[in-house]
Amino acid sequence: MMTIETIDQLNMQYADSTPQEFLAAMIARFGKKMTFASSLGAEDQVITEMIAGIDKSVKVFTLDTGRLFPETYDTLQMTTARYGIPIEVFFPNDRHVEEMVHTRGINLFYETIENRKLCCLVRKIEPLTRAFSGMEAWICGLRREQSVTRQDLNPVEWDEQNKLIKLNPLINWTEKQVWDYIKEKNIPYNKLHDKGFPSIGCQPCTRAIEPGEDVRAGRWWWELPQNKECGLHKK
Ligand code: SF4
């Protein structure tokens, strides 16, 4: 297991690296023991493009919760076609979904935070745990400026919940850098981003935001900001 000292060293070593340099180094270090969890959002599309330019054999996966937008499926299709890489899709356990829906209703998440967290557990966290099986590290597209809950993140983190190294190559990037890169490379992206959706998750739990609103205001908008993580990014 990697120690806190090693993580601190890596953060110092790659403090001035570009995301591509950082990714190349982490691919060389972790190889097949590393996976990229893509939600197919703007940041993740940038990372997919970077990874495809370095090593197409890196494991990439996404979660299909069963409640995604049609535009998200279009993005998945466009991405696999563009880069010629297999993006493995993990689905929730059907029995767990059936039991949850039978006992709490199809739109349980609006009723209580407990219900919302249960739905995220069944539809996201359990499949994520399967996707992480046998891995040592995972890559994700978090940026520091995205949320009040993400201000103190570093490029390399210890993910205590999943007992894995978490790698955040775009942690220092701004939203403008992400979109400049997407335009420059003509990267396929989710068309909902053009309709006021900076952050795209499940359809019933994501809405467009107004100009000036926080970028994550459209996710679980009925909850307080400190509750707005699905469990994937707890530290
Ligand atoms: Fe369920 Fe909403 Fe979480 Fe998706 S984001 S898993 S629909 S509670």
# chains A, B, ... in the order shown; residues from 1 in each chain; ligands from 1
$ select_by_dssp --residues "stretch 12-181 of chain A" --states "strand (DSSP E or B)" --output "list in words"
Met34, Thr35, Phe36, Ala37, Lys59, Val60, Phe61, Thr62, Leu63, Leu68, Ile87, Glu88, Val89, Phe90, Ala137, Trp138, Ile139, Val156, Glu157, Trp158, Asp159, Leu164, Ile165, Lys166 and Leu167 of chain A
$ residues_around --residues "A:Lys124" --least-positions-apart "5" --cutoff "12 Å" --atoms "only C-alpha atoms" --output "PyMOL selection string"
chain A and resi 37+39+62-68+89-93+96-97+116-119+129-131+201-202+229-233
$ closest_residue --among "A:Asn154, A:Thr72, A:Thr48, A:Ser133" --to "A:Ile7" --atoms "only C-alpha atoms"
A:Asn154
$ closest_residue --among "A:Gln45, A:Ser57, A:Asn115, A:Asn162" --to "ligand 1" --atoms "only C-alpha atoms and all ligand atoms"
A:Asn115
$ atom_distance --atom1 "atom CA of A:Thr18" --atom2 "atom CA of A:Thr79"
22.9 Å
$ closest_residue --among "A:Ser38, A:Thr206, A:Phe132, A:Lys32" --to "A:Gln161" --atoms "only C-alpha atoms"
A:Phe132
$ residues_around --residues "A:Arg207" --least-positions-apart "5" --cutoff "7 Å" --atoms "only C-alpha atoms" --output "list in words"
Phe197, Gly218 and Arg219 of chain A
$ closest_atom_pairs --of "stretch 71-154 of chain A" --to "stretch 183-193 of chain A" --cutoff "12 Å" --atoms "only C-alpha atoms" --output "tab-separated table"
residue	atom	partner	partner_atom	distance
A:Glu71	CA	A:Asn190	CA	6.0
A:Thr72	CA	A:Asn190	CA	6.0
A:Tyr73	CA	A:Asn190	CA	8.9
A:Asp74	CA	A:Asn190	CA	7.6
A:Thr75	CA	A:Asn190	CA	5.4
A:Leu76	CA	A:Asn190	CA	8.8
A:Gln77	CA	A:Pro188	CA	9.8
A:Met78	CA	A:Pro188	CA	6.5
A:Thr79	CA	A:Pro188	CA	6.4
A:Thr80	CA	A:Pro188	CA	10.0
A:Ala81	CA	A:Pro188	CA	10.0
A:Arg82	CA	A:Pro188	CA	7.9
A:Tyr83	CA	A:Ile187	CA	9.8
